[in-house]
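*Asks:* My file is target_5.cif. It has mmCIF, N, CA and C atoms, pLDDT in the B column; chains and numbers go by the auth columns:
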data_target
#
loop_
_atom_site.group_PDB
_atom_site.id
_atom_site.type_symbol
_atom_site.label_atom_id
_atom_site.label_comp_id
_atom_site.label_asym_id
_atom_site.label_seq_id
_atom_site.Cartn_x
_atom_site.Cartn_y
_atom_site.Cartn_z
_atom_site.B_iso_or_equiv
_atom_site.auth_seq_id
_atom_site.auth_asym_id
ATOM 1 N N MET A 1 9.514 11.570 11.762 78.00 1 A
ATOM 2 C CA MET A 1 9.774 10.362 11.005 78.00 1 A
ATOM 3 C C MET A 1 9.660 10.699 9.517 78.00 1 A
ATOM 4 N N ALA A 2 10.508 10.092 8.717 86.00 2 A
ATOM 5 C CA ALA A 2 10.544 10.379 7.284 86.00 2 A
ATOM 6 C C ALA A 2 9.298 9.831 6.585 86.00 2 A
ATOM 7 N N ALA A 3 8.876 10.554 5.564 90.00 3 A
ATOM 8 C CA ALA A 3 7.673 10.166 4.813 90.00 3 A
ATOM 9 C C ALA A 3 7.837 8.808 4.148 90.00 3 A
ATOM 10 N N LYS A 4 9.059 8.475 3.716 91.00 4 A
ATOM 11 C CA LYS A 4 9.257 7.194 3.033 91.00 4 A
ATOM 12 C C LYS A 4 8.975 6.015 3.956 91.00 4 A
ATOM 13 N N TYR A 5 9.227 6.161 5.238 93.00 5 A
ATOM 14 C CA TYR A 5 8.935 5.094 6.196 93.00 5 A
ATOM 15 C C TYR A 5 7.426 4.990 6.450 93.00 5 A
ATOM 16 N N ILE A 6 6.791 6.147 6.594 95.00 6 A
ATOM 17 C CA ILE A 6 5.348 6.170 6.862 95.00 6 A
ATOM 18 C C ILE A 6 4.574 5.596 5.681 95.00 6 A
ATOM 19 N N LEU A 7 4.951 6.006 4.470 96.00 7 A
ATOM 20 C CA LEU A 7 4.254 5.515 3.283 96.00 7 A
ATOM 21 C C LEU A 7 4.475 4.018 3.082 96.00 7 A
ATOM 22 N N ALA A 8 5.667 3.532 3.387 96.00 8 A
ATOM 23 C CA ALA A 8 5.926 2.093 3.269 96.00 8 A
ATOM 24 C C ALA A 8 5.071 1.315 4.268 96.00 8 A
ATOM 25 N N ALA A 9 4.961 1.822 5.487 97.00 9 A
ATOM 26 C CA ALA A 9 4.132 1.156 6.496 97.00 9 A
ATOM 27 C C ALA A 9 2.658 1.188 6.096 97.00 9 A
ATOM 28 N N LEU A 10 2.203 2.312 5.569 97.00 10 A
ATOM 29 C CA LEU A 10 0.813 2.407 5.138 97.00 10 A
ATOM 30 C C LEU A 10 0.532 1.490 3.946 97.00 10 A
ATOM 31 N N ALA A 11 1.497 1.340 3.053 98.00 11 A
ATOM 32 C CA ALA A 11 1.322 0.423 1.921 98.00 11 A
ATOM 33 C C ALA A 11 1.113 -0.998 2.427 98.00 11 A
ATOM 34 N N LEU A 12 1.858 -1.390 3.454 98.00 12 A
ATOM 35 C CA LEU A 12 1.681 -2.726 4.030 98.00 12 A
ATOM 36 C C LEU A 12 0.317 -2.864 4.703 98.00 12 A
ATOM 37 N N VAL A 13 -0.131 -1.812 5.378 98.00 13 A
ATOM 38 C CA VAL A 13 -1.440 -1.843 6.035 98.00 13 A
ATOM 39 C C VAL A 13 -2.550 -1.979 4.997 98.00 13 A
ATOM 40 N N PHE A 14 -2.462 -1.214 3.913 98.00 14 A
ATOM 41 C CA PHE A 14 -3.483 -1.284 2.870 98.00 14 A
ATOM 42 C C PHE A 14 -3.444 -2.630 2.145 98.00 14 A
ATOM 43 N N PHE A 15 -2.251 -3.187 1.974 97.00 15 A
ATOM 44 C CA PHE A 15 -2.147 -4.505 1.358 97.00 15 A
ATOM 45 C C PHE A 15 -2.774 -5.572 2.255 97.00 15 A
ATOM 46 N N ALA A 16 -2.562 -5.452 3.563 97.00 16 A
ATOM 47 C CA ALA A 16 -3.192 -6.380 4.498 97.00 16 A
ATOM 48 C C ALA A 16 -4.716 -6.230 4.462 97.00 16 A
ATOM 49 N N ALA A 17 -5.196 -5.002 4.334 96.00 17 A
ATOM 50 C CA ALA A 17 -6.638 -4.778 4.224 96.00 17 A
ATOM 51 C C ALA A 17 -7.187 -5.413 2.953 96.00 17 A
ATOM 52 N N ALA A 18 -6.424 -5.335 1.870 96.00 18 A
ATOM 53 C CA ALA A 18 -6.852 -5.965 0.616 96.00 18 A
ATOM 54 C C ALA A 18 -6.915 -7.475 0.761 96.00 18 A
ATOM 55 N N LEU A 19 -5.918 -8.058 1.417 96.00 19 A
ATOM 56 C CA LEU A 19 -5.928 -9.508 1.630 96.00 19 A
ATOM 57 C C LEU A 19 -7.093 -9.922 2.522 96.00 19 A
ATOM 58 N N TRP A 20 -7.366 -9.127 3.551 96.00 20 A
ATOM 59 C CA TRP A 20 -8.482 -9.425 4.449 96.00 20 A
ATOM 60 C C TRP A 20 -9.802 -9.377 3.679 96.00 20 A
ATOM 61 N N ARG A 21 -9.947 -8.361 2.821 96.00 21 A
ATOM 62 C CA ARG A 21 -11.183 -8.230 2.044 96.00 21 A
ATOM 63 C C ARG A 21 -11.308 -9.363 1.029 96.00 21 A
ATOM 64 N N LEU A 22 -10.187 -9.744 0.408 95.00 22 A
ATOM 65 C CA LEU A 22 -10.203 -10.876 -0.524 95.00 22 A
ATOM 66 C C LEU A 22 -10.642 -12.154 0.178 95.00 22 A
ATOM 67 N N ALA A 23 -10.144 -12.358 1.386 95.00 23 A
ATOM 68 C CA ALA A 23 -10.517 -13.548 2.145 95.00 23 A
ATOM 69 C C ALA A 23 -12.007 -13.535 2.485 95.00 23 A
ATOM 70 N N ARG A 24 -12.530 -12.370 2.822 94.00 24 A
ATOM 71 C CA ARG A 24 -13.960 -12.261 3.133 94.00 24 A
ATOM 72 C C ARG A 24 -14.831 -12.530 1.919 94.00 24 A
ATOM 73 N N ASP A 25 -14.322 -12.168 0.729 92.00 25 A
ATOM 74 C CA ASP A 25 -15.082 -12.345 -0.507 92.00 25 A
ATOM 75 C C ASP A 25 -14.827 -13.687 -1.174 92.00 25 A
ATOM 76 N N GLY A 26 -14.207 -14.608 -0.467 92.00 26 A
ATOM 77 C CA GLY A 26 -13.933 -15.921 -1.037 92.00 26 A
ATOM 78 C C GLY A 26 -12.860 -15.890 -2.107 92.00 26 A
ATOM 79 N N PHE A 27 -11.906 -14.975 -1.963 91.00 27 A
ATOM 80 C CA PHE A 27 -10.785 -14.810 -2.889 91.00 27 A
ATOM 81 C C PHE A 27 -11.233 -14.510 -4.316 91.00 27 A
ATOM 82 N N LYS A 28 -12.350 -13.770 -4.415 92.00 28 A
ATOM 83 C CA LYS A 28 -12.808 -13.239 -5.698 92.00 28 A
ATOM 84 C C LYS A 28 -12.503 -11.748 -5.694 92.00 28 A
ATOM 85 N N LEU A 29 -11.919 -11.273 -6.766 91.00 29 A
ATOM 86 C CA LEU A 29 -11.485 -9.881 -6.834 91.00 29 A
ATOM 87 C C LEU A 29 -12.691 -8.968 -7.060 91.00 29 A
ATOM 88 N N ALA A 30 -13.209 -8.420 -5.966 93.00 30 A
ATOM 89 C CA ALA A 30 -14.354 -7.508 -6.024 93.00 30 A
ATOM 90 C C ALA A 30 -13.844 -6.068 -6.073 93.00 30 A
ATOM 91 N N SER A 31 -14.745 -5.135 -6.221 94.00 31 A
ATOM 92 C CA SER A 31 -14.335 -3.735 -6.349 94.00 31 A
ATOM 93 C C SER A 31 -13.670 -3.204 -5.072 94.00 31 A
ATOM 94 N N ALA A 32 -14.133 -3.649 -3.924 93.00 32 A
ATOM 95 C CA ALA A 32 -13.535 -3.173 -2.669 93.00 32 A
ATOM 96 C C ALA A 32 -12.099 -3.663 -2.517 93.00 32 A
ATOM 97 N N SER A 33 -11.864 -4.933 -2.808 94.00 33 A
ATOM 98 C CA SER A 33 -10.507 -5.448 -2.684 94.00 33 A
ATOM 99 C C SER A 33 -9.590 -4.847 -3.748 94.00 33 A
ATOM 100 N N ARG A 34 -10.139 -4.585 -4.935 95.00 34 A
ATOM 101 C CA ARG A 34 -9.352 -3.920 -5.985 95.00 34 A
ATOM 102 C C ARG A 34 -8.953 -2.518 -5.545 95.00 34 A
ATOM 103 N N THR A 35 -9.864 -1.821 -4.888 96.00 35 A
ATOM 104 C CA THR A 35 -9.573 -0.471 -4.416 96.00 35 A
ATOM 105 C C THR A 35 -8.457 -0.489 -3.387 96.00 35 A
ATOM 106 N N TRP A 36 -8.522 -1.412 -2.427 96.00 36 A
ATOM 107 C CA TRP A 36 -7.461 -1.524 -1.428 96.00 36 A
ATOM 108 C C TRP A 36 -6.113 -1.840 -2.078 96.00 36 A
ATOM 109 N N LEU A 37 -6.130 -2.703 -3.095 97.00 37 A
ATOM 110 C CA LEU A 37 -4.887 -3.048 -3.792 97.00 37 A
ATOM 111 C C LEU A 37 -4.318 -1.852 -4.548 97.00 37 A
ATOM 112 N N VAL A 38 -5.180 -1.074 -5.183 97.00 38 A
ATOM 113 C CA VAL A 38 -4.712 0.109 -5.906 97.00 38 A
ATOM 114 C C VAL A 38 -4.114 1.124 -4.942 97.00 38 A
ATOM 115 N N VAL A 39 -4.772 1.338 -3.815 98.00 39 A
ATOM 116 C CA VAL A 39 -4.254 2.284 -2.817 98.00 39 A
ATOM 117 C C VAL A 39 -2.911 1.796 -2.279 98.00 39 A
ATOM 118 N N ALA A 40 -2.794 0.510 -1.998 98.00 40 A
ATOM 119 C CA ALA A 40 -1.518 -0.045 -1.529 98.00 40 A
ATOM 120 C C ALA A 40 -0.439 0.127 -2.590 98.00 40 A
ATOM 121 N N LEU A 41 -0.785 -0.078 -3.848 98.00 41 A
ATOM 122 C CA LEU A 41 0.181 0.075 -4.935 98.00 41 A
ATOM 123 C C LEU A 41 0.642 1.523 -5.060 98.00 41 A
ATOM 124 N N ILE A 42 -0.270 2.464 -4.932 98.00 42 A
ATOM 125 C CA ILE A 42 0.095 3.881 -5.027 98.00 42 A
ATOM 126 C C ILE A 42 1.023 4.273 -3.877 98.00 42 A
ATOM 127 N N PHE A 43 0.655 3.891 -2.657 98.00 43 A
ATOM 128 C CA PHE A 43 1.498 4.229 -1.514 98.00 43 A
ATOM 129 C C PHE A 43 2.862 3.556 -1.624 98.00 43 A
ATOM 130 N N GLY A 44 2.879 2.316 -2.080 97.00 44 A
ATOM 131 C CA GLY A 44 4.146 1.611 -2.261 97.00 44 A
ATOM 132 C C GLY A 44 5.008 2.247 -3.339 97.00 44 A
ATOM 133 N N ALA A 45 4.385 2.684 -4.433 97.00 45 A
ATOM 134 C CA ALA A 45 5.137 3.318 -5.516 97.00 45 A
ATOM 135 C C ALA A 45 5.739 4.651 -5.074 97.00 45 A
ATOM 136 N N VAL A 46 4.970 5.441 -4.349 96.00 46 A
ATOM 137 C CA VAL A 46 5.490 6.722 -3.873 96.00 46 A
ATOM 138 C C VAL A 46 6.611 6.497 -2.857 96.00 46 A
ATOM 139 N N SER A 47 6.440 5.528 -1.984 94.00 47 A
ATOM 140 C CA SER A 47 7.493 5.217 -1.025 94.00 47 A
ATOM 141 C C SER A 47 8.761 4.738 -1.728 94.00 47 A
ATOM 142 N N ALA A 48 8.609 3.869 -2.723 95.00 48 A
ATOM 143 C CA ALA A 48 9.770 3.381 -3.468 95.00 48 A
ATOM 144 C C ALA A 48 10.469 4.526 -4.198 95.00 48 A
ATOM 145 N N TRP A 49 9.674 5.442 -4.757 94.00 49 A
ATOM 146 C CA TRP A 49 10.260 6.585 -5.437 94.00 49 A
ATOM 147 C C TRP A 49 11.046 7.465 -4.460 94.00 49 A
ATOM 148 N N LEU A 50 10.496 7.660 -3.260 92.00 50 A
ATOM 149 C CA LEU A 50 11.213 8.452 -2.253 92.00 50 A
ATOM 150 C C LEU A 50 12.505 7.760 -1.828 92.00 50 A
ATOM 151 N N TRP A 51 12.483 6.442 -1.689 91.00 51 A
ATOM 152 C CA TRP A 51 13.697 5.702 -1.345 91.00 51 A
ATOM 153 C C TRP A 51 14.735 5.823 -2.455 91.00 51 A
ATOM 154 N N TRP A 52 14.285 5.686 -3.715 92.00 52 A
ATOM 155 C CA TRP A 52 15.201 5.683 -4.843 92.00 52 A
ATOM 156 C C TRP A 52 15.771 7.061 -5.113 92.00 52 A
ATOM 157 N N SER A 53 14.946 8.095 -4.985 88.00 53 A
ATOM 158 C CA SER A 53 15.381 9.447 -5.313 88.00 53 A
ATOM 159 C C SER A 53 16.101 10.130 -4.140 88.00 53 A
ATOM 160 N N GLY A 54 16.053 9.512 -2.971 80.00 54 A
ATOM 161 C CA GLY A 54 16.663 10.135 -1.806 80.00 54 A
ATOM 162 C C GLY A 54 15.775 11.206 -1.210 80.00 54 A
ATOM 163 N N GLY A 55 14.512 11.215 -1.575 69.00 55 A
ATOM 164 C CA GLY A 55 13.585 12.223 -1.069 69.00 55 A
ATOM 165 C C GLY A 55 13.187 11.965 0.372 69.00 55 A
ATOM 166 N N GLY A 56 12.522 12.903 0.923 59.00 56 A
ATOM 167 C CA GLY A 56 12.128 12.779 2.322 59.00 56 A
ATOM 168 C C GLY A 56 13.321 13.002 3.230 59.00 56 A
ATOM 169 N N ARG A 57 13.074 13.039 4.487 62.00 57 A
ATOM 170 C CA ARG A 57 14.182 13.210 5.433 62.00 57 A
ATOM 171 C C ARG A 57 14.889 11.876 5.637 62.00 57 A
ATOM 172 N N PRO A 58 16.149 11.902 5.972 59.00 58 A
ATOM 173 C CA PRO A 58 16.896 10.646 6.195 59.00 58 A
ATOM 174 C C PRO A 58 16.425 9.842 7.378 59.00 58 A
#
Let's see the structure in the file written out as structure tokens.

*Replies:*
Amino acid sequence: MAAKYILAALALVFFAAALWRLARDGFKLASASRTWLVVALIFGAVSAWLWWSGGGRP
């Protein structure tokens, strides 16, 4: 499976983890939820770059 698909799926998983953590913290942006959001953003950015540049396997 191409890396761009895996990274996109992982970005969604990390974003869901961030939302879950935000809900547990009463929707206050704590360090744990910020970390999950940053990780989701990084994975999403790399996946988007692979999609845009044509990188990874088709």

*Asks:* Excluding Ser47 of chain A and any residue of its chain fewer than 3 positions from it, enumerate the residues within 12 Å of it, using only C-alpha atoms, and give them as a list in words.

*Replies:* Ala2, Ala3, Lys4, Tyr5, Ile6, Leu7, Ala8, Ala9, Leu10, Ala11, Leu12, Ala40, Leu41, Ile42, Phe43, Gly44, Leu50, Trp51, Trp52, Ser53, Gly54, Gly55 and Gly56 of chain A

*Asks:* Write out as an MDAnalysis selection string the set of residues from chain A that DSSP, computed on the backbone, places in alpha helix (DSSP H).

*Replies:* chainID A and resid 3:24 31:53

*Asks:* Find the distance between atom CA of Met1 of chain A and atom CA of Arg34 of chain A and write it in Å to one decimal.

*Replies:*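 Spanning atom CA of Met1 of chain A to atom CA of Arg34 of chain A is a straight-line distance of 29.3 Å.
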
*Asks:* So how far away is atom N of Ala48 of chain A from atom CA of Ala32 of chain A, in Å?

*Replies:*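 Between these atoms lies a distance of 23.2 Å.
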
*Asks:* Should you be able to, write segment 8-56 of chain A of this structure into a file that contains N, CA and C atoms, as a CSV table (one decimal), in the first residue's frame.

*Replies:*
chain,number,residue,atom,x,y,z
A,8,ALA,N,-2.3,9.4,5.4
A,8,ALA,CA,-3.6,10.0,5.4
A,8,ALA,C,-4.5,9.3,6.5
A,9,ALA,N,-4.5,8.0,6.5
A,9,ALA,CA,-5.3,7.3,7.5
A,9,ALA,C,-4.8,7.5,8.9
A,10,LEU,N,-3.5,7.6,9.1
A,10,LEU,CA,-3.0,7.8,10.4
A,10,LEU,C,-3.3,9.3,10.8
A,11,ALA,N,-3.3,10.2,9.9
A,11,ALA,CA,-3.6,11.6,10.3
A,11,ALA,C,-5.0,11.7,10.8
A,12,LEU,N,-5.9,10.9,10.2
A,12,LEU,CA,-7.3,10.9,10.7
A,12,LEU,C,-7.4,10.2,12.0
A,13,VAL,N,-6.6,9.2,12.3
A,13,VAL,CA,-6.6,8.5,13.5
A,13,VAL,C,-6.1,9.4,14.6
A,14,PHE,N,-5.0,10.1,14.4
A,14,PHE,CA,-4.5,11.1,15.3
A,14,PHE,C,-5.4,12.2,15.6
A,15,PHE,N,-6.1,12.7,14.5
A,15,PHE,CA,-7.1,13.8,14.7
A,15,PHE,C,-8.2,13.3,15.6
A,16,ALA,N,-8.7,12.1,15.4
A,16,ALA,CA,-9.7,11.5,16.2
A,16,ALA,C,-9.2,11.4,17.7
A,17,ALA,N,-8.0,11.0,17.9
A,17,ALA,CA,-7.4,10.9,19.2
A,17,ALA,C,-7.4,12.3,19.9
A,18,ALA,N,-7.1,13.3,19.1
A,18,ALA,CA,-7.1,14.7,19.6
A,18,ALA,C,-8.5,15.1,20.0
A,19,LEU,N,-9.5,14.8,19.2
A,19,LEU,CA,-10.8,15.2,19.5
A,19,LEU,C,-11.3,14.4,20.8
A,20,TRP,N,-10.9,13.2,20.9
A,20,TRP,CA,-11.3,12.4,22.1
A,20,TRP,C,-10.7,13.0,23.3
A,21,ARG,N,-9.4,13.4,23.2
A,21,ARG,CA,-8.7,14.0,24.4
A,21,ARG,C,-9.3,15.3,24.7
A,22,LEU,N,-9.7,16.1,23.7
A,22,LEU,CA,-10.3,17.4,24.0
A,22,LEU,C,-11.6,17.2,24.7
A,23,ALA,N,-12.4,16.2,24.3
A,23,ALA,CA,-13.7,15.9,24.9
A,23,ALA,C,-13.5,15.5,26.4
A,24,ARG,N,-12.4,14.7,26.6
A,24,ARG,CA,-12.2,14.3,28.0
A,24,ARG,C,-11.7,15.5,28.9
A,25,ASP,N,-11.1,16.5,28.3
A,25,ASP,CA,-10.6,17.6,29.0
A,25,ASP,C,-11.6,18.8,29.1
A,26,GLY,N,-12.8,18.5,28.7
A,26,GLY,CA,-13.8,19.5,28.7
A,26,GLY,C,-13.6,20.6,27.6
A,27,PHE,N,-13.1,20.2,26.5
A,27,PHE,CA,-12.8,21.0,25.4
A,27,PHE,C,-11.9,22.2,25.7
A,28,LYS,N,-11.0,21.9,26.6
A,28,LYS,CA,-9.9,22.9,26.9
A,28,LYS,C,-8.6,22.3,26.3
A,29,LEU,N,-7.9,23.2,25.6
A,29,LEU,CA,-6.7,22.8,24.8
A,29,LEU,C,-5.6,22.5,25.8
A,30,ALA,N,-5.4,21.3,26.2
A,30,ALA,CA,-4.3,20.9,27.1
A,30,ALA,C,-3.1,20.5,26.3
A,31,SER,N,-2.0,20.2,27.0
A,31,SER,CA,-0.8,19.8,26.2
A,31,SER,C,-0.9,18.5,25.5
A,32,ALA,N,-1.7,17.5,26.1
A,32,ALA,CA,-1.9,16.2,25.4
A,32,ALA,C,-2.7,16.4,24.1
A,33,SER,N,-3.7,17.1,24.2
A,33,SER,CA,-4.6,17.3,23.0
A,33,SER,C,-3.8,18.1,21.9
A,34,ARG,N,-3.0,19.1,22.4
A,34,ARG,CA,-2.2,19.9,21.4
A,34,ARG,C,-1.2,18.9,20.7
A,35,THR,N,-0.6,18.0,21.5
A,35,THR,CA,0.4,17.1,20.9
A,35,THR,C,-0.3,16.2,19.9
A,36,TRP,N,-1.5,15.7,20.1
A,36,TRP,CA,-2.2,14.9,19.2
A,36,TRP,C,-2.5,15.7,17.9
A,37,LEU,N,-2.9,16.9,18.1
A,37,LEU,CA,-3.2,17.8,16.9
A,37,LEU,C,-1.9,18.1,16.1
A,38,VAL,N,-0.8,18.3,16.8
A,38,VAL,CA,0.4,18.6,16.0
A,38,VAL,C,0.8,17.3,15.2
A,39,VAL,N,0.7,16.2,15.8
A,39,VAL,CA,1.1,14.9,15.2
A,39,VAL,C,0.2,14.7,14.0
A,40,ALA,N,-1.1,14.9,14.1
A,40,ALA,CA,-2.1,14.8,13.0
A,40,ALA,C,-1.8,15.8,11.9
A,41,LEU,N,-1.4,17.0,12.3
A,41,LEU,CA,-1.0,18.0,11.3
A,41,LEU,C,0.2,17.6,10.5
A,42,ILE,N,1.2,17.1,11.2
A,42,ILE,CA,2.4,16.6,10.5
A,42,ILE,C,2.1,15.5,9.5
A,43,PHE,N,1.4,14.5,10.0
A,43,PHE,CA,1.1,13.3,9.1
A,43,PHE,C,0.2,13.8,8.0
A,44,GLY,N,-0.7,14.7,8.2
A,44,GLY,CA,-1.5,15.2,7.1
A,44,GLY,C,-0.8,16.0,6.1
A,45,ALA,N,0.2,16.8,6.6
A,45,ALA,CA,1.0,17.6,5.7
A,45,ALA,C,1.9,16.7,4.8
A,46,VAL,N,2.5,15.7,5.4
A,46,VAL,CA,3.4,14.8,4.6
A,46,VAL,C,2.5,14.1,3.6
A,47,SER,N,1.4,13.6,4.0
A,47,SER,CA,0.5,12.9,3.1
A,47,SER,C,0.1,13.8,1.9
A,48,ALA,N,-0.3,15.1,2.3
A,48,ALA,CA,-0.7,16.0,1.2
A,48,ALA,C,0.4,16.3,0.3
A,49,TRP,N,1.7,16.4,0.8
A,49,TRP,CA,2.8,16.6,0.0
A,49,TRP,C,3.1,15.5,-1.0
A,50,LEU,N,2.9,14.2,-0.4
A,50,LEU,CA,3.1,13.1,-1.3
A,50,LEU,C,2.0,13.0,-2.4
A,51,TRP,N,0.8,13.4,-2.1
A,51,TRP,CA,-0.3,13.4,-3.1
A,51,TRP,C,0.0,14.5,-4.1
A,52,TRP,N,0.5,15.7,-3.7
A,52,TRP,CA,0.7,16.8,-4.6
A,52,TRP,C,1.9,16.5,-5.5
A,53,SER,N,3.0,16.0,-4.9
A,53,SER,CA,4.2,15.8,-5.6
A,53,SER,C,4.2,14.5,-6.5
A,54,GLY,N,3.2,13.6,-6.3
A,54,GLY,CA,3.2,12.4,-7.0
A,54,GLY,C,4.1,11.3,-6.3
A,55,GLY,N,4.6,11.6,-5.1
A,55,GLY,CA,5.5,10.7,-4.4
A,55,GLY,C,4.8,9.4,-3.9
A,56,GLY,N,5.6,8.5,-3.5
A,56,GLY,CA,5.0,7.3,-3.0
A,56,GLY,C,4.6,6.4,-4.2
